[in-house]
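Encoded as structure tokens, the structure appears first; notes follow it.
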Amino acid sequence: MNYPVRSAERVGGKVLQLLHNAGHALVMLLEATLYIRLAFGNRSRRETVTQMYVTGIKSLAVITVVALFTGMILALQTGLELRRYGQEVYIGSAVAVSMIREMGPFMTGLIIAASVGSAIAAQIGTMVVSEEISALEVMSINPNRFLVMPRLFALAVMMPILAVYTNILGILGGAVVGSTQLGVSVQSYMDNATQFATNKDLYVGLFKAFVFGIIITTVSCHQGFMTREGAVGVGKATRRSVILSFLTILVVGYMITRLFYI
Amino acid sequence: MNKHRREISIEILVGLFMFTVLIALSIFTIVLSRENMLKASHQYEFVFSEISGLRDGDNVYLRGMNVGRVKQITLEENRVHVYTTLDVPIRLRHGYKIEVVNSSMLGGKNLKIYEGPDTAELLGDNVTILGTPPKDIIEELSKAVGGLQEMIESVSKGQGTLGKLMNDDTIYNNLLSVSENLKATAAGLEEGRGTIGKLLHDDSVYNDASNVVANLKGVSEMLANGEGTIGRLLHEEEMYEDARVLMANLKEISARLEAGQGTLGKLLNEDSTMFDDLEVTMHNVREITDTINAGEGTLGKLVRDAKLYDEAALLVEDVRAAVDDLREASPITSFGSVIFGAF
């Protein structure tokens with residue numbers, strides 16, 4: 001076979017693989033969604049709560065640090081520029097709107113993708129290479145219901161909640177920098193912060209976080225199920241899940257912003 | 001058992017976290033909506049022809065204080081209806097103003113309420129409150145820039161005073177000449193030439209002025225001490241009293257004159273009897289003098305006839321001679337009188 005034919009065959013194979021992966025991920029997501037009603041059933045309740053605990057409570061420390069410093073950096077950078085025009089009092093609105101609309105859900109998504117998403121991919125990948133998934137199937141246990149559905153539920157619920165937490169801490173971090181570094185009183189900062197941010201901003205942000213939660217679960221579980229080649233494959237799956245989650249979060253975040261604000 | 005307990009504690013922890021964040025979300029929502037549910041609010045509707053980008057949630061200011069926010073904006077029958085929620089009731093009077101103003105140079109709008117002058121009458125309850133059409137700052141700036149551009153063009157063409165100032169050298173030359181003259185004048189002043197130069201350099205004027213001031217001081221001291229006529233006038237009551245009496249007398253005299261009393265009063269009065277009498281008298285006097293001048297009558301002849309004078313002179317001489325004779329004879333006569341008187 002000559003080179004062009006081989007190249008075409010390779011590209012075709014990649015496209016087919018991509019379509020197969022997308023189809024598999026979508027079917028997995030739909031199937032898990034169908035089982036969501038059983039999230040607190042007798043067989044899944046424990047796993048669902050555990051996943052919520054891992055996603056929410058176990059991530060609190062890192063989210064606290066990241067959220068506080070994100071708000072502080074935003075306030076400092078924006079405030080220093082605004083101070084050139086004597087308008088540093090507006091850092092409240094700058095930080096609040098940035099955090100609520102974009103930075104809160106986005107930073108939460110990145111942290112959860114990096115910590116929880118990678119863990120999901122690694123866990124499911126290990127189960128695949130150790131043929132635990134096959135064992136489940138032999139026992140007529142649907143892996144999507146047993147593994148994907150609790151994680152999907154946990155991330156879809158916990159992501160918006162964590163985003164609210166990130167927003168609050170980010171705004172507080174901005175207030176700390178505003179009052180200590182820029183001479184903006186906490187009262188002025190909070191007045192200004194609530195003046196420009198709206199409930200629409202808040203709920204669009206929470207919707208983003210909800211979508212990011214679904215994306216992280218889908219990408220991570222799918223990469224886990226697609227794991228091949230033993231331990232090396234697990235590592236690859238983990239890396240791919242983080243990269244794909246990041247990229248998808250960025251693209252989908254932009255689309256949601258465009259959908260609601262333009 | 002321990003595993004079961006751990007699961008329960010995990011569930012409690014997750015539930016507590018979710019519950020806490022959901023409460024925070026609720027508070028966040030209320031804070032962002034900027035609605036105080038515990039406080040009474042007052043709804044007002046304002047009607048504008050145009051609102052220049054005012055949005056839901058924008059602040060409403062009354063006397064510089066944030067008293068509420070814009071709740072809703074609707075377009076109805078070519079008019080924009082702005083519904084607001086205020087923390088305080090407003091009492092609009094005739095002359096009120098509802099304006100859409102810029103909140104800062106960076107953008108944003110606010111609604112500004114001016115209730116009207118305190119002395120004006122209050123508006124009725126069911127009156128449609130009309131807003132003032134907002135000014136478009138960009139448009140105003142554009143007009144101003146256009147005007148400036150025209151001005152710059154006319155200046156560069158040398159039109160108008162400023163244009164001539166910028167383009168015509170004559171004024172510059174004149175200014176240069178004035179400057180040179182001023183320089184020469186300043187040099188003259190510096191050298192002490194002319195009156196002002198002497199004023200600046202010669203101490204005698206200062207000394208004279210100082211003496212004048214000293215003299216004035218002495219005069220003022222004299223006045224203060226009641227010395228001299230003016231000093232006495234200033235200090236003595238008696239002078240004042242005399243002056244007052246004099247004024248009273250003058251007043252009385254003028255009153256009498258006004259009333260036509262006394263000779264002068266009658267003369268001044270409209271009654272012409274006295275004047276007529278005087279006129280007749282003067283006429284008679286004139287006739288007498290005319291007769292005298294004409295040498296008529298005894299007095300006239302006395303005045304005009306020289307012969308009578310000569311005779312009178314001779315008569316006087318005769319009388320004088322007679323008197324002299326008598327004087328010479330008088331001692332003998334006296335002696336005889338004494339002798340004959342003794343016997």
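Identifiers in the structure tokens: chain A, B, ... in order shown; residue index from 1 per chain; ligand index from 1 in order shown.
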
(request) Show which residues sit within 12 Å of segment 122-125 of chain A, as a PyMOL selection string. Count only C-alpha atoms, and ignore same-chain residues fewer than 4 positions away. (result) chain A and resi 114-118+129-134+143-144+146-148+151+217+219-242

Using only C-alpha atoms, find each residue in chain A having at least one atom no more than 6 Å away from chain B; report its shortest atom-to-atom pair and that distance in Å (one decimal), rows by chain then rising number, as JSON lines.
```
{"residue": "A:Tyr53", "atom": "CA", "partner": "B:Val14", "partner_atom": "CA", "distance": 5.6}
{"residue": "A:Thr194", "atom": "CA", "partner": "B:Leu32", "partner_atom": "CA", "distance": 5.4}
{"residue": "A:Thr198", "atom": "CA", "partner": "B:Leu32", "partner_atom": "CA", "distance": 5.5}
{"residue": "A:Asn199", "atom": "CA", "partner": "B:Leu32", "partner_atom": "CA", "distance": 5.8}
```

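When DSSP is run on the backbone, the residues of segment 24-75 of chain B that fall into strand (DSSP E or B) are His42, Gln43, Tyr44, Glu45, Phe46, Val47, Phe48, Asn59, Val60, Tyr61, Leu62, Met65, Asn66, Val67, Gly68, Arg69, Val70, Lys71, Gln72, Ile73, Thr74 and Leu75 of chain B.
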
Output file for the residues above (C-alpha atoms, as a PDB file, in the first residue's frame):
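The result, stored in out20.pdb:
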```pdb
ATOM      1  CA  HIS B  42     -42.079  52.338  48.230  1.00  0.00           C
ATOM      2  CA  GLN B  43     -42.835  51.799  44.556  1.00  0.00           C
ATOM      3  CA  TYR B  44     -42.692  54.695  42.100  1.00  0.00           C
ATOM      4  CA  GLU B  45     -43.155  54.875  38.354  1.00  0.00           C
ATOM      5  CA  PHE B  46     -41.434  57.455  36.190  1.00  0.00           C
ATOM      6  CA  VAL B  47     -42.108  58.022  32.516  1.00  0.00           C
ATOM      7  CA  PHE B  48     -39.297  58.992  30.153  1.00  0.00           C
ATOM      8  CA  ASN B  59     -29.227  52.900  41.803  1.00  0.00           C
ATOM      9  CA  VAL B  60     -31.661  55.684  42.596  1.00  0.00           C
ATOM     10  CA  TYR B  61     -30.240  58.757  44.350  1.00  0.00           C
ATOM     11  CA  LEU B  62     -32.160  61.344  46.352  1.00  0.00           C
ATOM     12  CA  MET B  65     -28.083  59.331  48.942  1.00  0.00           C
ATOM     13  CA  ASN B  66     -28.713  55.910  47.515  1.00  0.00           C
ATOM     14  CA  VAL B  67     -32.356  55.315  48.395  1.00  0.00           C
ATOM     15  CA  GLY B  68     -33.287  52.434  46.123  1.00  0.00           C
ATOM     16  CA  ARG B  69     -32.927  50.899  42.709  1.00  0.00           C
ATOM     17  CA  VAL B  70     -34.571  50.508  39.358  1.00  0.00           C
ATOM     18  CA  LYS B  71     -36.780  47.448  39.503  1.00  0.00           C
ATOM     19  CA  GLN B  72     -38.155  47.195  35.998  1.00  0.00           C
ATOM     20  CA  ILE B  73     -38.085  49.072  32.703  1.00  0.00           C
ATOM     21  CA  THR B  74     -40.767  48.685  30.056  1.00  0.00           C
ATOM     22  CA  LEU B  75     -41.440  50.319  26.717  1.00  0.00           C
TER      23      LEU B  75
END
```

(request) Return as JSON, numbers by chain the full set of residues in segment 13-240 of chain A whose backbone-based DSSP assignment is alpha helix (DSSP H). (result) {"A": [13, 14, 15, 16, 17, 18, 19, 20, 21, 22, 23, 24, 25, 26, 27, 28, 29, 30, 31, 32, 33, 34, 45, 46, 47, 48, 49, 50, 51, 52, 60, 61, 62, 63, 64, 65, 66, 67, 68, 69, 70, 71, 72, 73, 74, 75, 76, 77, 78, 79, 80, 81, 82, 83, 91, 92, 93, 94, 95, 96, 97, 98, 104, 105, 106, 107, 108, 109, 110, 111, 112, 118, 119, 120, 121, 122, 123, 124, 125, 126, 127, 128, 129, 132, 133, 134, 135, 136, 137, 138, 143, 149, 150, 151, 152, 153, 154, 155, 156, 157, 158, 159, 160, 161, 162, 163, 164, 165, 166, 167, 168, 169, 170, 171, 172, 173, 174, 175, 176, 177, 178, 179, 180, 181, 186, 187, 188, 189, 190, 191, 192, 193, 194, 195, 196, 199, 200, 201, 202, 203, 204, 205, 206, 207, 208, 209, 210, 211, 212, 213, 214, 215, 216, 217, 218, 219, 220, 221, 222, 223, 224, 225, 230, 231, 232, 233, 234, 235, 236, 237, 238, 239, 240]}

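The residue set within 9 Å of segment 103-105 of chain A, counting only C-alpha atoms and dropping same-chain residues fewer than 3 places from it, reads Ala67, Thr70, Gly71, Val97, Ser98, Met99, Ile100, Thr108, Gly109, Leu110, Met159, Pro160, Leu162, Ala163, Val164, Tyr165, Thr166, Asn167, Ile168, Gly170, Gly205, Leu206, Phe207, Lys208, Ala209, Phe210, Phe212 and Gly253 of chain A.
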
Would you mind exporting the chosen residues as a tab-separated table (two decimals), in the first residue's frame, restricted to C-alpha atoms?
```tsv
chain	number	residue	atom	x	y	z
A	67	ALA	CA	-10.32	30.55	45.83
A	70	THR	CA	-7.71	33.89	43.08
A	71	GLY	CA	-9.81	36.67	44.63
A	97	VAL	CA	-18.43	39.85	38.70
A	98	SER	CA	-15.28	37.98	37.60
A	99	MET	CA	-15.61	35.39	40.34
A	100	ILE	CA	-19.34	34.83	40.02
A	108	THR	CA	-13.55	24.87	40.78
A	109	GLY	CA	-13.76	22.88	37.53
A	110	LEU	CA	-9.99	22.83	37.11
A	159	MET	CA	-19.73	21.27	41.65
A	160	PRO	CA	-22.28	24.12	41.93
A	162	LEU	CA	-18.27	24.16	45.55
A	163	ALA	CA	-18.59	27.01	43.05
A	164	VAL	CA	-20.68	28.99	45.55
A	165	TYR	CA	-18.03	28.30	48.18
A	166	THR	CA	-15.30	29.44	45.76
A	167	ASN	CA	-17.22	32.61	44.91
A	168	ILE	CA	-17.66	33.57	48.54
A	170	GLY	CA	-12.79	34.71	46.31
A	205	GLY	CA	-22.12	30.61	36.97
A	206	LEU	CA	-23.74	27.79	38.92
A	207	PHE	CA	-25.12	26.34	35.70
A	208	LYS	CA	-21.61	26.39	34.30
A	209	ALA	CA	-20.34	24.54	37.36
A	210	PHE	CA	-23.11	21.96	36.96
A	212	PHE	CA	-18.46	21.23	34.23
A	253	GLY	CA	-17.39	27.77	29.42
```

(message) With only C-alpha atoms as the counted atoms, please give the residues lying no more than 10 Å from Glu190 of chain B, apart from itself and same-chain residues fewer than 6 positions off, as an MDAnalysis selection string.
(response) chainID B and resid 184 196:198 200:201

May I have a table of the residues of segment 108-206 of chain A lying at most 8 Å from segment 82-96 of chain A, giving each one's closest pair of atoms and their distance in Å to one decimal, counting only C-alpha atoms, ordered by chain and ascending residue number, as a Markdown table?
```
| residue | atom | partner | partner_atom | distance |
| --- | --- | --- | --- | --- |
| A:Asn167 | CA | A:Ala96 | CA | 7.7 |
| A:Gly170 | CA | A:Val95 | CA | 7.8 |
| A:Ile171 | CA | A:Ala96 | CA | 5.8 |
| A:Gly174 | CA | A:Val95 | CA | 6.5 |
| A:Ala175 | CA | A:Gly92 | CA | 7.3 |
| A:Gly178 | CA | A:Ile91 | CA | 7.4 |
| A:Leu182 | CA | A:Glu88 | CA | 7.1 |
| A:Val184 | CA | A:Val89 | CA | 5.9 |
| A:Ser188 | CA | A:Val89 | CA | 7.0 |
| A:Tyr189 | CA | A:Gly92 | CA | 4.6 |
| A:Met190 | CA | A:Gly92 | CA | 6.2 |
| A:Asp191 | CA | A:Gly92 | CA | 7.7 |
| A:Asn192 | CA | A:Gly92 | CA | 5.1 |
| A:Ala193 | CA | A:Ser93 | CA | 4.0 |
| A:Thr194 | CA | A:Ser93 | CA | 7.0 |
| A:Gln195 | CA | A:Ser93 | CA | 7.0 |
| A:Phe196 | CA | A:Ser93 | CA | 5.7 |
| A:Ala197 | CA | A:Ala96 | CA | 6.5 |
```

Selected residues written out with C-alpha atoms, as a PDB file, in the first residue's frame:
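Listing of part-v7.pdb after writing:
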```
ATOM      1  CA  ASN A 167     -17.223  32.609  44.913  1.00  0.00           C
ATOM      2  CA  GLY A 170     -12.785  34.707  46.306  1.00  0.00           C
ATOM      3  CA  ILE A 171     -14.827  37.798  47.101  1.00  0.00           C
ATOM      4  CA  GLY A 174     -10.545  40.465  47.315  1.00  0.00           C
ATOM      5  CA  ALA A 175     -11.966  42.356  50.307  1.00  0.00           C
ATOM      6  CA  GLY A 178      -8.806  45.850  49.044  1.00  0.00           C
ATOM      7  CA  LEU A 182      -5.589  49.450  48.339  1.00  0.00           C
ATOM      8  CA  VAL A 184     -10.816  50.377  50.111  1.00  0.00           C
ATOM      9  CA  SER A 188     -17.334  50.132  50.207  1.00  0.00           C
ATOM     10  CA  TYR A 189     -15.974  46.952  48.659  1.00  0.00           C
ATOM     11  CA  MET A 190     -19.093  44.963  49.499  1.00  0.00           C
ATOM     12  CA  ASP A 191     -21.440  47.776  48.402  1.00  0.00           C
ATOM     13  CA  ASN A 192     -19.655  47.969  45.098  1.00  0.00           C
ATOM     14  CA  ALA A 193     -19.512  44.199  44.736  1.00  0.00           C
ATOM     15  CA  THR A 194     -23.256  43.836  45.124  1.00  0.00           C
ATOM     16  CA  GLN A 195     -23.979  46.857  42.958  1.00  0.00           C
ATOM     17  CA  PHE A 196     -22.919  45.350  39.660  1.00  0.00           C
ATOM     18  CA  ALA A 197     -23.217  41.572  40.153  1.00  0.00           C
TER      19      ALA A 197
END
```

(request) Do a neighbour search on Val303 of chain B at 8 Å with only C-alpha atoms, toss out local chain neighbours closer than 5 positions, and write the hits as a PyMOL selection string. (result) chain B and resi 292-293+295

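Between atom CA of Val127 of chain B and atom CA of Leu92 of chain B lies a distance of 10.2 Å.
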
(request) Determine, counting only C-alpha atoms, which protein, DNA and RNA residues have an atom within 12 Å of an atom of Ser272 of chain B; residues of the same chain fewer than 6 positions away are not included. Present the result as an MDAnalysis selection string. (result) chainID B and resid 260 263 265:266 278:279

Could you write out that same residue set with C-alpha atoms as a PDB file, in the first residue's frame?
```pdb
ATOM      1  CA  GLY B 260     -46.763 137.263  55.093  1.00  0.00           C
ATOM      2  CA  THR B 263     -42.828 144.307  56.409  1.00  0.00           C
ATOM      3  CA  GLY B 265     -43.247 139.216  54.803  1.00  0.00           C
ATOM      4  CA  LYS B 266     -45.707 141.566  53.212  1.00  0.00           C
ATOM      5  CA  LEU B 278     -43.452 151.701  47.547  1.00  0.00           C
ATOM      6  CA  GLU B 279     -43.668 151.987  43.777  1.00  0.00           C
TER       7      GLU B 279
END
```
